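Containing TSV, C-alpha atoms and all ligand atoms: start-v2.tsv.
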chain	number	residue	atom	x	y	z
A	1	MET	CA	-18.66	-15.81	63.90
A	2	SER	CA	-15.79	-13.60	62.75
A	3	LEU	CA	-13.99	-14.65	59.61
A	4	LEU	CA	-10.67	-13.50	61.03
A	5	LYS	CA	-9.94	-13.06	64.71
A	6	LEU	CA	-6.78	-11.87	66.44
A	7	GLU	CA	-6.68	-11.60	70.20
A	8	GLY	CA	-3.63	-10.55	72.18
A	9	LEU	CA	-1.42	-11.23	69.18
A	10	THR	CA	2.31	-10.96	69.90
A	11	ALA	CA	5.29	-11.20	67.54
A	12	SER	CA	9.00	-10.49	67.56
A	13	TYR	CA	11.87	-10.02	65.15
A	14	GLY	CA	14.59	-12.00	66.91
A	15	SER	CA	14.92	-10.50	70.36
A	16	SER	CA	13.03	-7.35	69.40
A	17	GLN	CA	9.31	-7.57	70.18
A	18	ALA	CA	7.10	-5.71	67.68
A	19	LEU	CA	3.58	-6.81	68.65
A	20	PHE	CA	2.45	-6.82	72.28
A	21	GLY	CA	-1.28	-7.45	71.98
A	22	VAL	CA	-3.13	-6.82	68.74
A	23	ASP	CA	-6.89	-7.43	68.79
A	24	LEU	CA	-8.71	-7.39	65.49
A	25	GLU	CA	-11.82	-9.03	64.05
A	26	ILE	CA	-13.22	-9.04	60.56
A	27	ALA	CA	-16.66	-10.38	59.71
A	28	GLU	CA	-17.64	-11.79	56.33
A	29	GLY	CA	-18.08	-8.97	53.82
A	30	GLU	CA	-16.62	-6.37	56.13
A	31	VAL	CA	-13.94	-3.82	55.22
A	32	VAL	CA	-11.66	-3.04	58.15
A	33	ALA	CA	-8.91	-0.42	58.16
A	34	LEU	CA	-5.79	-1.18	60.19
A	35	MET	CA	-4.42	2.22	61.12
A	36	GLY	CA	-1.56	3.72	63.10
A	37	ARG	CA	1.57	5.76	62.63
A	38	ASN	CA	4.71	4.43	60.93
A	39	GLY	CA	6.41	1.56	62.70
A	40	MET	CA	3.45	0.81	65.01
A	41	GLY	CA	3.04	-2.79	63.83
A	42	LYS	CA	0.61	-2.83	60.89
A	43	THR	CA	2.78	-4.75	58.45
A	44	THR	CA	3.98	-7.06	61.22
A	45	THR	CA	0.33	-7.85	61.99
A	46	VAL	CA	-0.23	-8.73	58.33
A	47	LYS	CA	2.89	-10.92	58.31
A	48	ALA	CA	1.60	-12.73	61.39
A	49	ILE	CA	-1.82	-13.33	59.82
A	50	CYS	CA	-0.14	-14.78	56.73
A	51	ARG	CA	2.23	-16.85	58.90
A	52	MET	CA	5.30	-15.13	57.49
A	53	ILE	CA	6.48	-14.45	61.04
A	54	GLN	CA	6.01	-16.48	64.22
A	55	SER	CA	3.40	-15.10	66.61
A	56	GLY	CA	1.66	-15.85	69.88
A	57	GLY	CA	-1.83	-15.21	71.19
A	58	HIS	CA	-5.03	-16.02	69.31
A	59	LEU	CA	-5.07	-16.10	65.51
A	60	SER	CA	-7.94	-17.85	63.76
A	61	LEU	CA	-9.81	-17.93	60.48
A	62	GLU	CA	-13.44	-19.04	60.88
A	63	GLY	CA	-12.52	-20.47	64.26
A	64	ARG	CA	-9.57	-22.45	62.91
A	65	ASP	CA	-6.23	-21.80	64.62
A	66	LEU	CA	-3.79	-20.56	61.98
A	67	HIS	CA	-0.70	-20.91	64.17
A	68	PRO	CA	0.14	-24.50	63.21
A	69	LEU	CA	-0.12	-23.72	59.48
A	70	PRO	CA	2.57	-22.64	57.00
A	71	SER	CA	1.80	-19.57	54.88
A	72	HIS	CA	0.80	-21.46	51.73
A	73	ARG	CA	-1.91	-23.26	53.72
A	74	VAL	CA	-3.23	-19.95	55.04
A	75	ALA	CA	-3.36	-18.71	51.44
A	76	ARG	CA	-5.26	-21.83	50.42
A	77	LEU	CA	-7.77	-21.27	53.21
A	78	GLY	CA	-8.65	-18.03	51.48
A	79	VAL	CA	-6.32	-15.28	52.59
A	80	GLY	CA	-5.11	-13.24	49.60
A	81	LEU	CA	-2.28	-10.86	50.35
A	82	VAL	CA	-1.22	-7.85	48.29
A	83	PRO	CA	2.04	-7.11	50.09
A	84	GLU	CA	3.78	-3.77	50.37
A	85	GLY	CA	5.83	-3.30	47.22
A	86	ARG	CA	3.46	-4.96	44.69
A	87	ARG	CA	5.15	-8.23	43.86
A	88	CYS	CA	4.48	-9.74	40.44
A	89	PHE	CA	6.59	-12.00	38.23
A	90	ALA	CA	8.42	-9.33	36.23
A	91	GLY	CA	9.40	-11.63	33.36
A	92	LEU	CA	5.91	-13.07	32.87
A	93	THR	CA	3.11	-11.40	30.94
A	94	VAL	CA	0.02	-10.00	32.62
A	95	HIS	CA	-1.94	-13.04	31.44
A	96	GLU	CA	0.70	-15.47	32.74
A	97	ASN	CA	0.83	-13.66	36.09
A	98	LEU	CA	-2.94	-13.95	36.48
A	99	ILE	CA	-3.13	-17.57	35.38
A	100	ALA	CA	-0.25	-18.60	37.66
A	101	ALA	CA	-2.24	-17.39	40.67
A	102	ALA	CA	-5.60	-18.86	39.67
A	103	ARG	CA	-7.61	-21.14	41.93
A	104	PRO	CA	-11.16	-22.31	41.27
A	105	GLY	CA	-13.92	-19.83	42.02
A	106	ASP	CA	-15.80	-16.83	40.70
A	107	TRP	CA	-12.70	-14.76	40.01
A	108	THR	CA	-11.41	-15.35	36.50
A	109	GLN	CA	-9.17	-13.34	34.20
A	110	ALA	CA	-12.30	-11.88	32.57
A	111	ARG	CA	-13.62	-10.65	35.89
A	112	VAL	CA	-10.27	-9.19	36.94
A	113	THR	CA	-9.94	-7.32	33.64
A	114	ALA	CA	-13.50	-6.04	34.00
A	115	LEU	CA	-12.44	-4.57	37.36
A	116	PHE	CA	-9.15	-3.24	35.92
A	117	PRO	CA	-9.67	-2.62	32.18
A	118	ARG	CA	-6.05	-1.45	31.84
A	119	LEU	CA	-4.91	-4.99	32.56
A	120	GLY	CA	-7.20	-6.31	29.84
A	121	GLU	CA	-5.48	-4.03	27.33
A	122	ARG	CA	-2.06	-5.33	28.37
A	123	LEU	CA	-2.53	-9.08	28.72
A	124	SER	CA	0.44	-9.99	26.52
A	125	GLN	CA	2.76	-7.34	27.97
A	126	ARG	CA	5.46	-8.32	30.46
A	127	ALA	CA	4.79	-7.21	34.03
A	128	ALA	CA	8.19	-5.47	34.12
A	129	SER	CA	7.04	-3.07	31.39
A	130	LEU	CA	3.91	-1.95	33.26
A	131	SER	CA	3.66	1.35	35.13
A	132	GLY	CA	3.75	1.23	38.93
A	133	GLY	CA	-0.03	1.66	39.08
A	134	GLU	CA	-0.63	-1.11	36.55
A	135	GLN	CA	1.70	-3.40	38.51
A	136	GLN	CA	-0.32	-2.67	41.61
A	137	MET	CA	-3.54	-3.53	39.74
A	138	LEU	CA	-1.87	-6.74	38.62
A	139	ALA	CA	-0.85	-7.54	42.20
A	140	ILE	CA	-4.47	-7.05	43.32
A	141	GLY	CA	-5.68	-9.05	40.31
A	142	ARG	CA	-3.35	-11.90	41.22
A	143	ALA	CA	-4.66	-11.93	44.78
A	144	LEU	CA	-8.25	-11.97	43.49
A	145	MET	CA	-7.44	-14.86	41.11
A	146	THR	CA	-6.78	-16.98	44.20
A	147	ASN	CA	-10.47	-16.44	45.03
A	148	PRO	CA	-9.82	-15.25	48.58
A	149	ARG	CA	-12.40	-14.78	51.30
A	150	LEU	CA	-10.15	-12.20	52.90
A	151	LEU	CA	-8.13	-9.76	50.82
A	152	ILE	CA	-5.32	-7.92	52.60
A	153	LEU	CA	-4.08	-4.73	50.97
A	154	ASP	CA	-0.90	-3.36	52.56
A	155	GLU	CA	-0.26	0.16	51.26
A	156	ALA	CA	-1.89	-0.56	47.91
A	157	THR	CA	-1.83	3.07	46.76
A	158	GLU	CA	1.59	4.03	48.13
A	159	GLY	CA	3.66	6.10	45.71
A	160	LEU	CA	1.13	6.05	42.87
A	161	ALA	CA	-0.12	8.92	40.73
A	162	PRO	CA	-3.42	10.44	41.95
A	163	ILE	CA	-5.42	9.20	38.95
A	164	VAL	CA	-4.24	5.62	39.43
A	165	ARG	CA	-4.94	5.82	43.15
A	166	GLN	CA	-8.49	6.85	42.30
A	167	GLU	CA	-8.87	3.81	40.04
A	168	ILE	CA	-7.68	1.53	42.83
A	169	TRP	CA	-10.01	3.12	45.40
A	170	ALA	CA	-12.88	2.74	42.93
A	171	ALA	CA	-12.01	-0.95	42.53
A	172	ILE	CA	-11.98	-1.44	46.31
A	173	ALA	CA	-15.36	0.30	46.54
A	174	ALA	CA	-16.69	-2.01	43.79
A	175	LEU	CA	-15.43	-5.08	45.67
A	176	LYS	CA	-17.23	-3.87	48.77
A	177	ARG	CA	-20.43	-3.13	46.87
A	178	ASP	CA	-20.58	-6.16	44.61
A	179	THR	CA	-18.96	-9.04	46.50
A	180	GLN	CA	-18.93	-10.71	49.90
A	181	ILE	CA	-15.16	-10.56	50.14
A	182	SER	CA	-13.73	-9.29	53.44
A	183	ILE	CA	-10.97	-6.71	53.19
A	184	LEU	CA	-8.22	-5.64	55.57
A	185	LEU	CA	-6.84	-2.30	54.44
A	186	ILE	CA	-3.66	-0.49	55.39
A	187	ASP	CA	-3.16	2.88	53.77
A	188	LYS	CA	-1.97	6.37	54.54
A	189	SER	CA	-4.88	8.07	52.74
A	190	VAL	CA	-7.19	8.44	55.71
A	191	ARG	CA	-9.92	10.18	53.74
A	192	GLU	CA	-10.16	7.42	51.12
A	193	ILE	CA	-9.89	4.71	53.78
A	194	ALA	CA	-12.76	6.32	55.67
A	195	GLY	CA	-14.84	6.28	52.50
A	196	VAL	CA	-14.70	2.51	52.03
A	197	SER	CA	-14.16	1.02	55.50
A	198	ASP	CA	-16.85	-0.18	57.88
A	199	ARG	CA	-14.59	-0.22	60.91
A	200	ALA	CA	-11.13	0.83	61.98
A	201	VAL	CA	-8.61	-0.77	64.31
A	202	ILE	CA	-5.76	1.44	65.49
A	203	VAL	CA	-2.44	0.08	66.69
A	204	GLU	CA	0.16	1.93	68.68
A	205	ARG	CA	3.50	0.39	69.62
A	206	GLY	CA	2.25	-3.07	68.75
A	207	ARG	CA	-1.04	-2.89	70.66
A	208	THR	CA	-4.61	-2.24	69.66
A	209	VAL	CA	-5.52	1.05	71.28
A	210	TRP	CA	-8.84	1.76	69.57
A	211	ALA	CA	-11.41	-0.19	67.55
A	212	GLY	CA	-14.79	0.96	66.38
A	213	ALA	CA	-17.06	2.01	63.56
A	214	MET	CA	-15.39	4.27	61.02
A	215	ALA	CA	-18.09	6.85	61.74
A	216	ASP	CA	-16.92	6.99	65.37
A	217	LEU	CA	-13.33	7.78	64.46
A	218	THR	CA	-13.35	11.47	65.35
A	219	PRO	CA	-10.78	13.96	64.04
A	220	ASP	CA	-9.39	14.07	67.60
A	221	LEU	CA	-8.75	10.34	67.68
A	222	SER	CA	-7.35	10.44	64.17
A	223	GLU	CA	-4.91	13.14	65.11
A	224	ARG	CA	-3.90	11.40	68.31
A	225	TYR	CA	-3.25	7.97	66.88
A	226	VAL	CA	-2.74	8.39	63.16
A	227	GLY	CA	-1.25	11.85	63.02
A	228	VAL	CA	-3.76	13.45	60.62
B	1	LIG	P1	4.96	1.41	58.27
B	1	LIG	O1	3.74	2.22	58.06
B	1	LIG	O2	6.20	2.26	58.41
B	1	LIG	O3	5.14	0.27	57.32
B	1	LIG	P2	4.04	-0.44	60.32
B	1	LIG	O4	3.00	0.04	61.26
B	1	LIG	O5	3.65	-1.36	59.24
B	1	LIG	O6	4.82	0.80	59.75
B	1	LIG	P3	5.89	-2.49	61.10
B	1	LIG	O7	6.60	-2.55	59.79
B	1	LIG	O8	4.98	-3.58	61.45
B	1	LIG	O9	5.14	-1.11	61.25
B	1	LIG	O10	7.00	-2.35	62.25
B	1	LIG	C1	6.73	-2.54	63.63
B	1	LIG	C2	8.04	-2.55	64.41
B	1	LIG	O11	8.81	-3.68	64.03
B	1	LIG	C3	8.91	-1.34	64.15
B	1	LIG	O12	9.52	-0.98	65.34
B	1	LIG	C4	9.92	-1.84	63.14
B	1	LIG	O13	11.12	-1.16	63.27
B	1	LIG	C5	10.08	-3.29	63.55
B	1	LIG	N1	10.42	-4.14	62.38
B	1	LIG	C6	9.73	-4.26	61.24
B	1	LIG	N2	10.31	-5.13	60.39
B	1	LIG	C7	11.42	-5.60	61.03
B	1	LIG	C8	12.45	-6.52	60.70
B	1	LIG	N3	12.45	-7.18	59.53
B	1	LIG	N4	13.41	-6.73	61.63
B	1	LIG	C9	13.42	-6.08	62.82
B	1	LIG	N5	12.48	-5.19	63.19
B	1	LIG	C10	11.49	-4.95	62.32
Output the file's structure as C-alpha cells, nothing else.
Ligand code: ATP
Amino acid sequence: MSLLKLEGLTASYGSSQALFGVDLEIAEGEVVALMGRNGMGKTTTVKAICRMIQSGGHLSLEGRDLHPLPSHRVARLGVGLVPEGRRCFAGLTVHENLIAAARPGDWTQARVTALFPRLGERLSQRAASLSGGEQQMLAIGRALMTNPRLLILDEATEGLAPIVRQEIWAAIAALKRDTQISILLIDKSVREIAGVSDRAVIVERGRTVWAGAMADLTPDLSERYVGV
C-alpha cells in the first residue's frame, strides 16, 4: 500500500481553482520529485497534503482519509513539512528550536547534528543569527525531530550558496540511503533532484500530466514540462 496517495486532488483559493486533478503516490522509503514550471500547483499540492488549504478528491496516508483532519493531526500522523521560506523560531536558539519540535522516535538532537554538523557547532546560537543555509538545515532538522514517515521539502535549496546546497543534497542522499523515510521533493535543480529521486510526478496547470521512474524522464519531457 502507498504511504501517501492523492487521486484527482482539487483545490481552490477562493473562487480561483488551482488544482484540477493531481495524482501522486509515495511508497514507504521512496523519494518522489514533484516537478513542473512556476505556478503549476506544486506548493498548493503540498498545502493540500498538510491540510493548510481545503481540497477535494482522494487524499490519504496509509489508507486513512486526511480530509477530515486539521493540519496538526496530519503532522502527528507523520508528515513533516519544510515549507518554502525555511521557518524557524528566530528568537530561540538552535537547541531550543530542535527541542520544541521533538516527538518520540529515532530522531534526536544528536542524530540531527550528525547529519548537519554545522548545527551542532551552533546549538546555543539564536536562529536569527544563522546564515540562510544554516536556517534551512535547522528547518529540516526541526522536521526530522518530529520523527516523520514522510518528509516534504518545498524548495529546500532555493536561494542558497552552492556549497550549502551541496550539503543539503548530501543530507537528502544520506536520508535516502540510511533511513526508511519517504520524501516528497520540490526543487528547481533538476540535475540534483534526478540524482536522489526514485520517481517524478509532473504537474501542469494543476493536473498531473506525467508520472514515472526518474530514469524514464527524458530530456524531451523535461524540456516540455519543466522548461530545462
Ligand atoms: P512556484 O514554483 O512558483 O512556487 P507552484 O507550482 O508551487 O509554483 P503554486 O504556488 O501551487 O505553484 O500556484 C498554483 C496556482 O495557484 C498559481 O496560479 C498561483 O497563482 C495560484 N496561487 C498560489 N497561491 C495563491 C494564493 N494564496 N491565493 C490565490 N492564488 C494563489
Kindly compile the residues surrounding ligand LIG 1 (chain B) within 10 Å, counting only C-alpha atoms and all ligand atoms, and format them as an mmCIF file with C-alpha atoms, in the frame of the given file.
data_model
loop_
_atom_site.group_PDB
_atom_site.id
_atom_site.type_symbol
_atom_site.label_atom_id
_atom_site.label_comp_id
_atom_site.auth_asym_id
_atom_site.auth_seq_id
_atom_site.Cartn_x
_atom_site.Cartn_y
_atom_site.Cartn_z
ATOM 1 C CA ALA A 11 5.290 -11.200 67.540
ATOM 2 C CA SER A 12 9.000 -10.490 67.560
ATOM 3 C CA TYR A 13 11.870 -10.020 65.150
ATOM 4 C CA GLY A 14 14.590 -12.000 66.910
ATOM 5 C CA SER A 15 14.920 -10.500 70.360
ATOM 6 C CA SER A 16 13.030 -7.350 69.400
ATOM 7 C CA GLN A 17 9.310 -7.570 70.180
ATOM 8 C CA ALA A 18 7.100 -5.710 67.680
ATOM 9 C CA LEU A 19 3.580 -6.810 68.650
ATOM 10 C CA LEU A 34 -5.790 -1.180 60.190
ATOM 11 C CA MET A 35 -4.420 2.220 61.120
ATOM 12 C CA GLY A 36 -1.560 3.720 63.100
ATOM 13 C CA ARG A 37 1.570 5.760 62.630
ATOM 14 C CA ASN A 38 4.710 4.430 60.930
ATOM 15 C CA GLY A 39 6.410 1.560 62.700
ATOM 16 C CA MET A 40 3.450 0.810 65.010
ATOM 17 C CA GLY A 41 3.040 -2.790 63.830
ATOM 18 C CA LYS A 42 0.610 -2.830 60.890
ATOM 19 C CA THR A 43 2.780 -4.750 58.450
ATOM 20 C CA THR A 44 3.980 -7.060 61.220
ATOM 21 C CA THR A 45 0.330 -7.850 61.990
ATOM 22 C CA VAL A 46 -0.230 -8.730 58.330
ATOM 23 C CA LYS A 47 2.890 -10.920 58.310
ATOM 24 C CA ALA A 48 1.600 -12.730 61.390
ATOM 25 C CA ILE A 53 6.480 -14.450 61.040
ATOM 26 C CA GLU A 84 3.780 -3.770 50.370
ATOM 27 C CA ASP A 154 -0.900 -3.360 52.560
ATOM 28 C CA GLU A 155 -0.260 0.160 51.260
ATOM 29 C CA ILE A 186 -3.660 -0.490 55.390
ATOM 30 C CA ASP A 187 -3.160 2.880 53.770
ATOM 31 C CA LYS A 188 -1.970 6.370 54.540
ATOM 32 C CA ILE A 202 -5.760 1.440 65.490
ATOM 33 C CA VAL A 203 -2.440 0.080 66.690
ATOM 34 C CA GLU A 204 0.160 1.930 68.680
ATOM 35 C CA ARG A 205 3.500 0.390 69.620
ATOM 36 C CA GLY A 206 2.250 -3.070 68.750
#
| Minimum-distance residue to Pro148 (chain A), chosen among A:Leu59, A:Leu217, A:Ala174, A:Ala75 (using all atoms listed in the file) | A:Ala75
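The gap separating CA of Asp198 (chain A) from CA of Glu7 (chain A) is 19.6 Å, in Å to one decimal.
Nearest to Asn147 (chain A) of all the residues A:Asp178, A:Glu134, A:Glu28, A:Asp106 is A:Asp106, based on only C-alpha atoms.
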| remark: re CA of Leu4 (chain A) and CA of Gly195 (chain A): distance 21.9 Å
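What separates CA of Val226 (chain A) from CA of Leu138 (chain A) is a distance of 28.8 Å.
Closest approach to Ala90 (chain A) among A:Gln109, A:Ser222, A:Ser129, A:Ser60 is made by A:Ser129 (distances from only C-alpha atoms).
Near Thr157 (chain A), within 9 Å and counting all atoms listed in the file, sit Gly133, Gln136, Asp154, Leu160, Ala161, Pro162, Val164, Arg165, Gln166, Ile168, Trp169, Asp187, Lys188 and Ser189 of chain A; same-chain residues fewer than 3 positions away were not included.
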So that I can see what lies close to Ala139 (chain A), please list as a PDB file with C-alpha atoms, in the frame of the given file the residues with an atom at most 12 Å from it, counting only C-alpha atoms and leaving out residues fewer than 5 positions away in the same chain.
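The new file result.pdb reads:
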ATOM      1  CA  GLY A  80      -5.110 -13.240  49.600  1.00  0.00           C
ATOM      2  CA  LEU A  81      -2.280 -10.860  50.350  1.00  0.00           C
ATOM      3  CA  VAL A  82      -1.220  -7.850  48.290  1.00  0.00           C
ATOM      4  CA  PRO A  83       2.040  -7.110  50.090  1.00  0.00           C
ATOM      5  CA  GLU A  84       3.780  -3.770  50.370  1.00  0.00           C
ATOM      6  CA  GLY A  85       5.830  -3.300  47.220  1.00  0.00           C
ATOM      7  CA  ARG A  86       3.460  -4.960  44.690  1.00  0.00           C
ATOM      8  CA  ARG A  87       5.150  -8.230  43.860  1.00  0.00           C
ATOM      9  CA  CYS A  88       4.480  -9.740  40.440  1.00  0.00           C
ATOM     10  CA  PHE A  89       6.590 -12.000  38.230  1.00  0.00           C
ATOM     11  CA  ALA A  90       8.420  -9.330  36.230  1.00  0.00           C
ATOM     12  CA  VAL A  94       0.020 -10.000  32.620  1.00  0.00           C
ATOM     13  CA  ASN A  97       0.830 -13.660  36.090  1.00  0.00           C
ATOM     14  CA  LEU A  98      -2.940 -13.950  36.480  1.00  0.00           C
ATOM     15  CA  ALA A 100      -0.250 -18.600  37.660  1.00  0.00           C
ATOM     16  CA  ALA A 101      -2.240 -17.390  40.670  1.00  0.00           C
ATOM     17  CA  VAL A 112     -10.270  -9.190  36.940  1.00  0.00           C
ATOM     18  CA  PHE A 116      -9.150  -3.240  35.920  1.00  0.00           C
ATOM     19  CA  LEU A 119      -4.910  -4.990  32.560  1.00  0.00           C
ATOM     20  CA  ALA A 127       4.790  -7.210  34.030  1.00  0.00           C
ATOM     21  CA  LEU A 130       3.910  -1.950  33.260  1.00  0.00           C
ATOM     22  CA  GLY A 132       3.750   1.230  38.930  1.00  0.00           C
ATOM     23  CA  GLY A 133      -0.030   1.660  39.080  1.00  0.00           C
ATOM     24  CA  GLU A 134      -0.630  -1.110  36.550  1.00  0.00           C
ATOM     25  CA  LEU A 144      -8.250 -11.970  43.490  1.00  0.00           C
ATOM     26  CA  MET A 145      -7.440 -14.860  41.110  1.00  0.00           C
ATOM     27  CA  THR A 146      -6.780 -16.980  44.200  1.00  0.00           C
ATOM     28  CA  LEU A 151      -8.130  -9.760  50.820  1.00  0.00           C
ATOM     29  CA  ILE A 152      -5.320  -7.920  52.600  1.00  0.00           C
ATOM     30  CA  LEU A 153      -4.080  -4.730  50.970  1.00  0.00           C
ATOM     31  CA  ASP A 154      -0.900  -3.360  52.560  1.00  0.00           C
ATOM     32  CA  GLU A 155      -0.260   0.160  51.260  1.00  0.00           C
ATOM     33  CA  ALA A 156      -1.890  -0.560  47.910  1.00  0.00           C
ATOM     34  CA  THR A 157      -1.830   3.070  46.760  1.00  0.00           C
ATOM     35  CA  ILE A 168      -7.680   1.530  42.830  1.00  0.00           C
TER      36      ILE A 168
END
| task | List the neighbours of Ile183 (chain A) out to 9 Å using only C-alpha atoms; skip same-chain residues closer than 3 positions along the sequence, and give me the result as a PyMOL selection string. | result | chain A and resi 26+28-33+149-153+172+175-176+197
Can you write out the residues you just picked, keeping C-alpha atoms, as a PDB file, in the frame of the given file?
ATOM      1  CA  ILE A  26     -13.220  -9.040  60.560  1.00  0.00           C
ATOM      2  CA  GLU A  28     -17.640 -11.790  56.330  1.00  0.00           C
ATOM      3  CA  GLY A  29     -18.080  -8.970  53.820  1.00  0.00           C
ATOM      4  CA  GLU A  30     -16.620  -6.370  56.130  1.00  0.00           C
ATOM      5  CA  VAL A  31     -13.940  -3.820  55.220  1.00  0.00           C
ATOM      6  CA  VAL A  32     -11.660  -3.040  58.150  1.00  0.00           C
ATOM      7  CA  ALA A  33      -8.910  -0.420  58.160  1.00  0.00           C
ATOM      8  CA  ARG A 149     -12.400 -14.780  51.300  1.00  0.00           C
ATOM      9  CA  LEU A 150     -10.150 -12.200  52.900  1.00  0.00           C
ATOM     10  CA  LEU A 151      -8.130  -9.760  50.820  1.00  0.00           C
ATOM     11  CA  ILE A 152      -5.320  -7.920  52.600  1.00  0.00           C
ATOM     12  CA  LEU A 153      -4.080  -4.730  50.970  1.00  0.00           C
ATOM     13  CA  ILE A 172     -11.980  -1.440  46.310  1.00  0.00           C
ATOM     14  CA  LEU A 175     -15.430  -5.080  45.670  1.00  0.00           C
ATOM     15  CA  LYS A 176     -17.230  -3.870  48.770  1.00  0.00           C
ATOM     16  CA  SER A 197     -14.160   1.020  55.500  1.00  0.00           C
TER      17      SER A 197
END
| task | Using all atoms listed in the file, find the one residue out of A:Arg142, A:Leu6, A:Ala27, A:Met137 that sits nearest to Ser182 (chain A). | result | A:Ala27
Since the input lacks atoms, please generate all heavy atoms for region 35-42 of chain A and provide them as a short mmCIF file (atom, residue, chain, number, x, y, z; two decimals), in the coordinates of the input.
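Saved file result.cif follows:
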data_model
loop_
_atom_site.label_atom_id
_atom_site.label_comp_id
_atom_site.auth_asym_id
_atom_site.auth_seq_id
_atom_site.Cartn_x
_atom_site.Cartn_y
_atom_site.Cartn_z
N MET A 35 -5.05 0.91 61.17
CA MET A 35 -4.42 2.22 61.12
C MET A 35 -3.40 2.40 62.24
O MET A 35 -3.39 1.65 63.22
CB MET A 35 -5.50 3.31 61.21
CG MET A 35 -6.57 3.16 60.13
SD MET A 35 -7.98 4.26 60.36
CE MET A 35 -7.32 5.77 59.70
N GLY A 36 -2.58 3.43 62.11
CA GLY A 36 -1.56 3.72 63.10
C GLY A 36 -0.38 4.38 62.42
O GLY A 36 -0.21 4.26 61.21
N ARG A 37 0.41 5.08 63.20
CA ARG A 37 1.57 5.76 62.63
C ARG A 37 2.61 4.76 62.11
O ARG A 37 2.50 3.57 62.38
CB ARG A 37 2.23 6.63 63.70
CG ARG A 37 1.44 7.84 64.10
CD ARG A 37 2.32 8.73 64.97
NE ARG A 37 1.75 10.06 65.12
CZ ARG A 37 0.84 10.37 66.05
NH1 ARG A 37 0.41 9.45 66.89
NH2 ARG A 37 0.35 11.59 66.12
N ASN A 38 3.63 5.28 61.44
CA ASN A 38 4.71 4.43 60.93
C ASN A 38 5.36 3.63 62.05
O ASN A 38 5.58 4.16 63.14
CB ASN A 38 5.81 5.29 60.29
CG ASN A 38 5.37 5.86 58.95
OD1 ASN A 38 4.35 5.44 58.41
ND2 ASN A 38 6.13 6.79 58.43
N GLY A 39 5.65 2.39 61.76
CA GLY A 39 6.41 1.56 62.70
C GLY A 39 5.61 1.07 63.89
O GLY A 39 6.18 0.55 64.85
N MET A 40 4.27 1.20 63.85
CA MET A 40 3.45 0.81 65.01
C MET A 40 3.05 -0.67 64.99
O MET A 40 2.49 -1.18 65.96
CB MET A 40 2.21 1.69 65.09
CG MET A 40 2.54 3.12 65.45
SD MET A 40 3.44 3.18 67.03
CE MET A 40 3.80 4.92 67.17
N GLY A 41 3.30 -1.34 63.85
CA GLY A 41 3.04 -2.79 63.83
C GLY A 41 2.02 -3.27 62.81
O GLY A 41 1.60 -4.43 62.86
N LYS A 42 1.64 -2.43 61.85
CA LYS A 42 0.61 -2.83 60.89
C LYS A 42 1.10 -3.96 59.97
O LYS A 42 0.46 -5.00 59.84
CB LYS A 42 0.14 -1.62 60.07
CG LYS A 42 -0.40 -0.48 60.95
CD LYS A 42 -0.79 0.74 60.14
CE LYS A 42 0.32 1.37 59.34
NZ LYS A 42 1.37 2.01 60.17
#
